[in-house]
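Scroll down for the structure; my scribbles are underneath it.
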Amino acid sequence: MTERSITTEHEPGPVLQDSQSDAPRWFLPVVALLALTAVGALVAGVLVFTGTLWGLNGLARLLVGAFLIAIGGGAALGVRDSLARAHRGRAIGVLVNYLVAIVFGFVALQNMGVFIGLDALGDRFFNAVWLLLVIALGWILASQSERFGTRAATVNRVGRWIAAIGGLVLLVGVGLIPGVIEFFVRLIALDVFIPFAIAVAGGAGFWMLRRDEAAALFGTTQDQAEALDGFLFASPNVLGFLAFFAGPLIFSFYVSFTSWDGLTDIQWIGLDNYARIFGLQFTSVGDGQAVTDVLKQNYQELIRWGDFVIAARDRLFWVGLRNIIVFSVTAVPLAVFPGLVLAAFLNQKLPGVKFFRAVYFIPAVAGVVGISLIWKQMFNATVGFVNFGIVKLFDLINLVPGVDVVEPVPEWLSNSRVALFSVVIVFAWQAVGFNTVLFLAGMQGISASLYEAASIDGAGAWSKFWNITVPMLRPTTLFVVATTTILALQLFNEPFILFSPQQQPSGPNNATLTPVIQLYQEGFQRFNQGFASALAWVLFGIIFSITILYFRRQREDDGTLGT
Amino acid sequence: MRKPWRFMALLLALALVAAACGGDDSSDTTADAGGGDATTTTTAAVTTTTSGGGDEPMAVELRWRTRPDNDQEAGVYRSVSETLSGTDAVLGATLNYEAGGTETEGYQQALLTQLGAGEAPDVFWIPGAEIANFAKRGVILNARDLADAAGHNDADFYPGPMAEMTTNPDTGAVDAGSYLWGLPRDVSAFALYLNNDLILEAGAEDPRELAAAGEWDWDAFRRVSEDLAALGGEVSPYGQSTWWGPVGYWMNSGGGGFYTDDRQSCNLDSDGSIAGLQFAADFYADGLALTFGEDPEPVFKAGNVGMFQNGRWATPGIREVTFDWDVVKLPDGPGGPSNWLFWGAYVINADTQYPAEAWALVQSLTAASVQGQVAELGANIPSRVSQAALDAFLTFSPPANNQAFLDGLSENPTTEAPDWIGDWPSYSSGLTTEAGAVISGARDIADFQANICAELGEFTASGS
């Protein structure tokens, strides 16, 4: 094996071995495999483009075809560079073979039914999970064997045997033997065997090219080797991100340009969904004219000032947008400022303060559904505790001689003018605890010397809070406001529970309709996955813009603080 | 990593894959039904797979799902499943029951996702109003041929739901000779739950006696409500939820309805619909009802509501109250007696591998004996129209006056029906909001009558 040398950070480092040596036996098969991959990917890409393969339409056809052709082109480039013994050829070969092994490995496992079978895995392990205790017992015995003095070696051996036998029985207990048989039985099927064989070939190619011998042959420098290793180390996370985050994200973006019910074929409709969302009509009504006479087909009145009318093609989107803006403007301050005040109190060295820190955090960890159900009962205008408390409070006030106030009995969930505020209360109540903890952490990071200096200068508690705590907490405050705003804009659970099933989750007269509730209704109640995806992307755009504004503000603040 | 640990890690990974590989869905069934151990289950799976090419019959396993209202109901379904599993009634199929989520836990959301991914159960329950959405998209099986071969008779079930179950999805017209999308699991209707203690205290006429005398109409309903209102305090004479069902009762009973008779167009602006809406709006405006939008069930159960409109599904919860209660049919309006016929159905996944067994399961689940077991819990009414089924239902008390529900089902009910051509979810959502706005005083009824069909007509079959 070639010995690697230490290199400086900025120099390319030495070549690991002379790259002009004769090619070993594995070289040509590996290059041939890469060439085969290039041809396969290019052909598949062309077939996808022409619609022959998989029958994709529109953007999906374009993206998948372009991806396959990019892979094929990259692999072809890799073949050329490999033949020239250039490091880029090796790097491309490693990457392509790695992807081939992963992708076809997953295809093989999928066709084998392994992922569906994983559902059953929990049951299987539950049946034999007690054997983990045996393994743990053996391990404890082995690890503590030195306590047994002269018999330490024996005890160690016994412990290891117990752990090993426990492990073996566990594996048998979860179905190892019939499972292995089944594995090979299913492997025989062509739709499993072919991708499995390709995955094995890709894996072999990857392994061959990863070896130091290959690095030397391709003239790979130490830096290049380390860079490749770094990418490979990061690859599980990157692949997971692509598969479970970026993939669905891109798919939903594609779906937003389609008419799709989630069950039947996808129909490409271009920007229609977005046109429906943003479709507005500005018009005026003449004397004796009905509003409906001047509106375009499928447009509904949104706002009216005298004769001037604004109509929308999707009125509910604008209603939801209005609601969520009102909600955010109200709920975010109510979730942030009390958190700051509470944190200031909980930052004192007072008896029982740790207990209260825990108490205020409980709503943050409690389930939203449970919380909303409890609030739903409490908000009942007739038998709810909130109005009961209000009535009792006013009864107390009315005890004062000369005072006779009629107690208000708000209809928290049935009055369209109050309903959204009910949701604000629930949201703020739940968010305050978490924000308090964030502020508390920020406060504890402020240097005590600042307060000491202020005390020496004669500053009082309020002055210290206002002139030291608040400015020093500015980064924390920005973070808290940003995250709370994002949460607020994604409001769904609270109104969904508070107003169902007696009403729609959109509340009385759509007073609590939010973009996410509309998204849910369109996607899962009206079978409009395409429109729901478009709504999701519009909401993303709004949240992203606000987040960018926050972070820009934070950068400006950092710059100010820096000067 | 040291070699022994590498070996152990590889062995463990292999075991994971292998165990998963051997554990197809059959393992759940076996484990649930018989509690068999893992090794036995895995072996069974191997046998199933390898026996495909041999002479041995393939083991058939069916998954089926409902949306139970509570654990007790789920328990009954599970018991039914275990009893039927492996019997001739389901052609020897092994059954695996899955209790789906509740209405607010995304039952339909999970179902749609699984249908899209090809992993939905073989047989599942859906609300009656959803039949069109599923049938039009080809995700549920047309079981007409299977039903005919099995000697099924459509007339054994309430005709309203069966008309929807035998509709041609392309035309929206009933075609019982060609289509059958499943069978109704149960039916339900509204009734007024009565707080007899409050009615007695108010000295009001007994609605049950008025109904028996054929005098239970809107006027009588208002008289009783006014007497109850005179009690004052926290007592509300009447309460109802705000979804389309209770709102629709007023329109139907007023002589109107959501749709025109041919179900092609909006009928919300008809004189009958407006009369019903006007009565309800006045009733609320006069303070004779619990605030529109407040959940009336906890208030009724607390003893503060005299009459509470709800379906049979509310009965198990109401049985917990301590005051004297009963039910009476909904009052007759100018349009005569009226009610809804709510229902849900068992349907078959179009992608099931075992359609014959799935149909046998649907038939078994809708047999009189099984419907009786479920109905005994109190939340359901059998969907069969046989006298035996009705007689059995009458014994499931309290309430004493179960006949009120059967009256609701027999006196001119409007069947909860999907809109095969239009867009029912959008239409129902819009009308619920706007009619609610009228009842709560947020929208002028004249404006409603003038514009509602222009606003919602696009969601009907005719687009008007």
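Chain identifiers are assigned as A, B, and so on, following the order in which chains appear in the structure tokens; residues are numbered from 1 within each chain, and ligands are numbered from 1 in order of appearance.
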
Item to check | Contacts of A:Ser422 at 12 Å (only C-alpha atoms; same-chain gap of 4+ positions) as number ranges by chain | outcome: A: 327, 330-331, 372, 375-376, 378-381, 386, 410-418, 426-429, 494-495, 498-499, 507, 511-512

Keeping only N, CA and C atoms, write those residues as a short mmCIF file (atom, residue, chain, number, x, y, z; two decimals), in the first residue's frame.
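Result written to out.cif:
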data_model
loop_
_atom_site.label_atom_id
_atom_site.label_comp_id
_atom_site.auth_asym_id
_atom_site.auth_seq_id
_atom_site.Cartn_x
_atom_site.Cartn_y
_atom_site.Cartn_z
N PHE A 327 -53.58 37.39 11.76
CA PHE A 327 -53.19 36.45 12.82
C PHE A 327 -51.73 36.66 13.22
N THR A 330 -50.96 39.80 15.12
CA THR A 330 -51.48 39.76 16.49
C THR A 330 -50.76 38.71 17.34
N ALA A 331 -50.58 37.54 16.76
CA ALA A 331 -50.09 36.42 17.56
C ALA A 331 -48.60 36.51 17.86
N SER A 372 -55.56 21.83 21.84
CA SER A 372 -56.68 22.48 21.13
C SER A 372 -58.02 21.92 21.60
N TRP A 375 -58.76 23.54 24.92
CA TRP A 375 -59.18 24.94 24.71
C TRP A 375 -60.57 25.01 24.11
N LYS A 376 -60.87 24.05 23.26
CA LYS A 376 -62.20 24.03 22.64
C LYS A 376 -63.29 23.94 23.71
N MET A 378 -62.85 24.82 26.83
CA MET A 378 -62.78 26.03 27.67
C MET A 378 -63.42 27.23 26.98
N PHE A 379 -63.37 27.24 25.65
CA PHE A 379 -63.93 28.37 24.90
C PHE A 379 -65.45 28.29 24.71
N ASN A 380 -66.05 27.18 25.07
CA ASN A 380 -67.50 27.07 24.89
C ASN A 380 -68.17 28.25 25.59
N ALA A 381 -68.98 28.97 24.83
CA ALA A 381 -69.52 30.23 25.36
C ALA A 381 -70.45 30.01 26.55
N VAL A 386 -63.57 29.65 30.35
CA VAL A 386 -63.10 31.01 30.10
C VAL A 386 -64.21 32.01 30.42
N PRO A 410 -68.08 36.53 25.57
CA PRO A 410 -67.67 36.37 24.17
C PRO A 410 -68.02 34.99 23.62
N GLU A 411 -68.44 35.00 22.37
CA GLU A 411 -68.69 33.71 21.69
C GLU A 411 -67.41 33.38 20.95
N TRP A 412 -66.52 32.75 21.67
CA TRP A 412 -65.15 32.58 21.21
C TRP A 412 -65.04 31.86 19.87
N LEU A 413 -65.85 30.84 19.69
CA LEU A 413 -65.67 30.00 18.50
C LEU A 413 -66.78 30.18 17.48
N SER A 414 -67.80 30.94 17.79
CA SER A 414 -68.91 31.04 16.86
C SER A 414 -69.07 32.42 16.26
N ASN A 415 -68.42 33.40 16.84
CA ASN A 415 -68.52 34.75 16.31
C ASN A 415 -67.34 35.00 15.37
N SER A 416 -67.68 35.37 14.13
CA SER A 416 -66.61 35.50 13.14
C SER A 416 -65.63 36.61 13.49
N ARG A 417 -66.05 37.54 14.35
CA ARG A 417 -65.14 38.64 14.71
C ARG A 417 -64.23 38.26 15.88
N VAL A 418 -64.55 37.18 16.54
CA VAL A 418 -63.75 36.78 17.72
C VAL A 418 -62.95 35.50 17.44
N VAL A 426 -54.68 30.59 21.76
CA VAL A 426 -54.15 29.23 21.88
C VAL A 426 -52.71 29.18 21.36
N PHE A 427 -52.49 29.81 20.22
CA PHE A 427 -51.15 29.79 19.61
C PHE A 427 -50.14 30.47 20.53
N ALA A 428 -50.49 31.66 20.99
CA ALA A 428 -49.56 32.43 21.82
C ALA A 428 -49.28 31.69 23.13
N TRP A 429 -50.33 31.14 23.71
CA TRP A 429 -50.18 30.38 24.96
C TRP A 429 -49.17 29.24 24.79
N GLU A 494 -54.28 24.22 15.13
CA GLU A 494 -55.16 24.82 16.13
C GLU A 494 -56.57 25.05 15.57
N PRO A 495 -56.72 25.79 14.46
CA PRO A 495 -58.09 25.98 13.95
C PRO A 495 -58.71 24.69 13.45
N LEU A 498 -59.99 23.17 16.69
CA LEU A 498 -60.95 24.02 17.42
C LEU A 498 -62.32 24.08 16.73
N PHE A 499 -62.32 24.03 15.41
CA PHE A 499 -63.58 24.25 14.70
C PHE A 499 -64.15 22.99 14.05
N GLY A 507 -63.75 27.95 10.10
CA GLY A 507 -64.41 28.75 11.12
C GLY A 507 -65.65 29.46 10.61
N ALA A 511 -63.64 32.85 8.95
CA ALA A 511 -62.84 33.74 9.79
C ALA A 511 -61.50 33.14 10.16
N THR A 512 -61.37 31.84 10.16
CA THR A 512 -60.10 31.21 10.54
C THR A 512 -59.50 30.40 9.41
#

Item to check | Pairwise distance for atom CA of B:Gly203 and atom CA of B:Pro296, rounded to one decimal in Å | outcome: 22.6 Å

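With atom CA of B:Ile421 on one side and atom CA of A:Ser259 on the other, the separation reads 17.3 Å.
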
Could you give me, as a PDB file with C-alpha atoms, in the first residue's frame, the residues within 9 Å of A:Ile92, counting only C-alpha atoms and dropping anything in the same chain fewer than 4 positions from it?
ATOM      1  CA  GLY A  74     -20.543  12.714 -17.108  1.00  0.00           C
ATOM      2  CA  ALA A  75     -19.799   9.015 -17.285  1.00  0.00           C
ATOM      3  CA  LEU A  77     -16.295  12.180 -19.748  1.00  0.00           C
ATOM      4  CA  GLY A  78     -15.152   9.887 -16.979  1.00  0.00           C
ATOM      5  CA  VAL A  79     -14.295   7.186 -19.512  1.00  0.00           C
ATOM      6  CA  ASP A  81     -10.355  10.885 -18.472  1.00  0.00           C
ATOM      7  CA  SER A  82      -9.907   7.402 -17.117  1.00  0.00           C
ATOM      8  CA  HIS A  87      -7.845  12.001 -11.525  1.00  0.00           C
ATOM      9  CA  ARG A  88     -11.139  13.421 -12.772  1.00  0.00           C
ATOM     10  CA  VAL A  96     -21.156   7.211 -10.871  1.00  0.00           C
ATOM     11  CA  ASN A  97     -20.523   3.689  -9.571  1.00  0.00           C
TER      12      ASN A  97
END

Could you find all residues in stretch 248-426 of chain B that DSSP calls strand (DSSP E) from the backbone, and write them as a tab-separated table (two decimals) with C-alpha atoms, in the first residue's frame?
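So result17.tsv came out as:
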chain	number	residue	atom	x	y	z
B	305	VAL	CA	-80.21	22.74	26.10
B	306	GLY	CA	-83.80	21.59	25.73
B	307	MET	CA	-83.67	20.14	22.21
B	308	PHE	CA	-80.53	19.16	20.36
B	309	GLN	CA	-80.51	18.17	16.71
B	310	ASN	CA	-78.04	15.43	15.89
B	311	GLY	CA	-77.71	12.03	14.28
B	325	TRP	CA	-83.78	12.22	27.94
B	326	ASP	CA	-85.30	10.79	24.80
B	327	VAL	CA	-85.56	11.58	21.11
B	328	VAL	CA	-88.28	12.79	18.78
B	339	ASN	CA	-84.71	14.44	7.18
B	340	TRP	CA	-81.39	13.29	5.83
B	341	LEU	CA	-80.49	9.72	5.09
B	342	PHE	CA	-76.81	9.59	5.95
B	343	TRP	CA	-74.79	6.55	5.05
B	344	GLY	CA	-71.36	5.13	4.49
B	345	ALA	CA	-70.26	2.19	2.39
B	346	TYR	CA	-67.81	-0.62	2.16
B	347	VAL	CA	-66.04	-0.48	-1.18
B	348	ILE	CA	-63.41	-2.65	-2.81
B	381	ILE	CA	-78.62	1.97	12.14
B	382	PRO	CA	-78.52	-1.15	9.92
B	413	PRO	CA	-85.53	11.71	3.64
B	414	THR	CA	-83.01	13.32	1.33
B	415	THR	CA	-80.21	10.89	0.73

When you look at stretch 150-154 of chain B with a cut-off of 9 Å (counting only C-alpha atoms), what residues show up, excluding the ones that are within fewer than 4 positions of it in the same chain? I need them as an mmCIF file with N, CA and C atoms, in the first residue's frame.
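What landed in around_28.cif:
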data_model
loop_
_atom_site.group_PDB
_atom_site.id
_atom_site.type_symbol
_atom_site.label_atom_id
_atom_site.label_comp_id
_atom_site.auth_asym_id
_atom_site.auth_seq_id
_atom_site.Cartn_x
_atom_site.Cartn_y
_atom_site.Cartn_z
ATOM 1 N N ASP B 145 -70.696 -7.610 -11.492
ATOM 2 C CA ASP B 145 -70.646 -9.004 -11.939
ATOM 3 C C ASP B 145 -70.463 -9.955 -10.761
ATOM 4 N N LEU B 146 -69.603 -9.556 -9.836
ATOM 5 C CA LEU B 146 -69.371 -10.397 -8.657
ATOM 6 C C LEU B 146 -70.659 -10.528 -7.845
ATOM 7 N N TYR B 158 -81.507 0.100 1.772
ATOM 8 C CA TYR B 158 -82.275 1.323 1.530
ATOM 9 C C TYR B 158 -82.061 1.786 0.081
ATOM 10 N N PRO B 159 -83.128 2.171 -0.581
ATOM 11 C CA PRO B 159 -83.004 2.497 -2.012
ATOM 12 C C PRO B 159 -82.170 3.747 -2.301
ATOM 13 N N MET B 162 -78.555 2.882 -2.407
ATOM 14 C CA MET B 162 -78.304 1.939 -3.504
ATOM 15 C C MET B 162 -78.354 2.628 -4.861
ATOM 16 N N ALA B 176 -78.330 0.284 -12.577
ATOM 17 C CA ALA B 176 -78.142 -0.826 -11.639
ATOM 18 C C ALA B 176 -77.724 -2.110 -12.339
ATOM 19 N N LEU B 183 -71.388 -1.844 -0.897
ATOM 20 C CA LEU B 183 -72.659 -1.934 -0.181
ATOM 21 C C LEU B 183 -72.656 -0.993 1.023
ATOM 22 N N TRP B 359 -65.308 -9.204 -2.314
ATOM 23 C CA TRP B 359 -66.762 -9.058 -2.395
ATOM 24 C C TRP B 359 -67.450 -9.892 -1.310
ATOM 25 N N ALA B 360 -66.933 -11.101 -1.120
ATOM 26 C CA ALA B 360 -67.506 -11.955 -0.067
ATOM 27 C C ALA B 360 -67.376 -11.275 1.293
ATOM 28 N N GLN B 363 -69.987 -8.520 1.542
ATOM 29 C CA GLN B 363 -71.303 -9.125 1.821
ATOM 30 C C GLN B 363 -71.406 -9.562 3.281
#
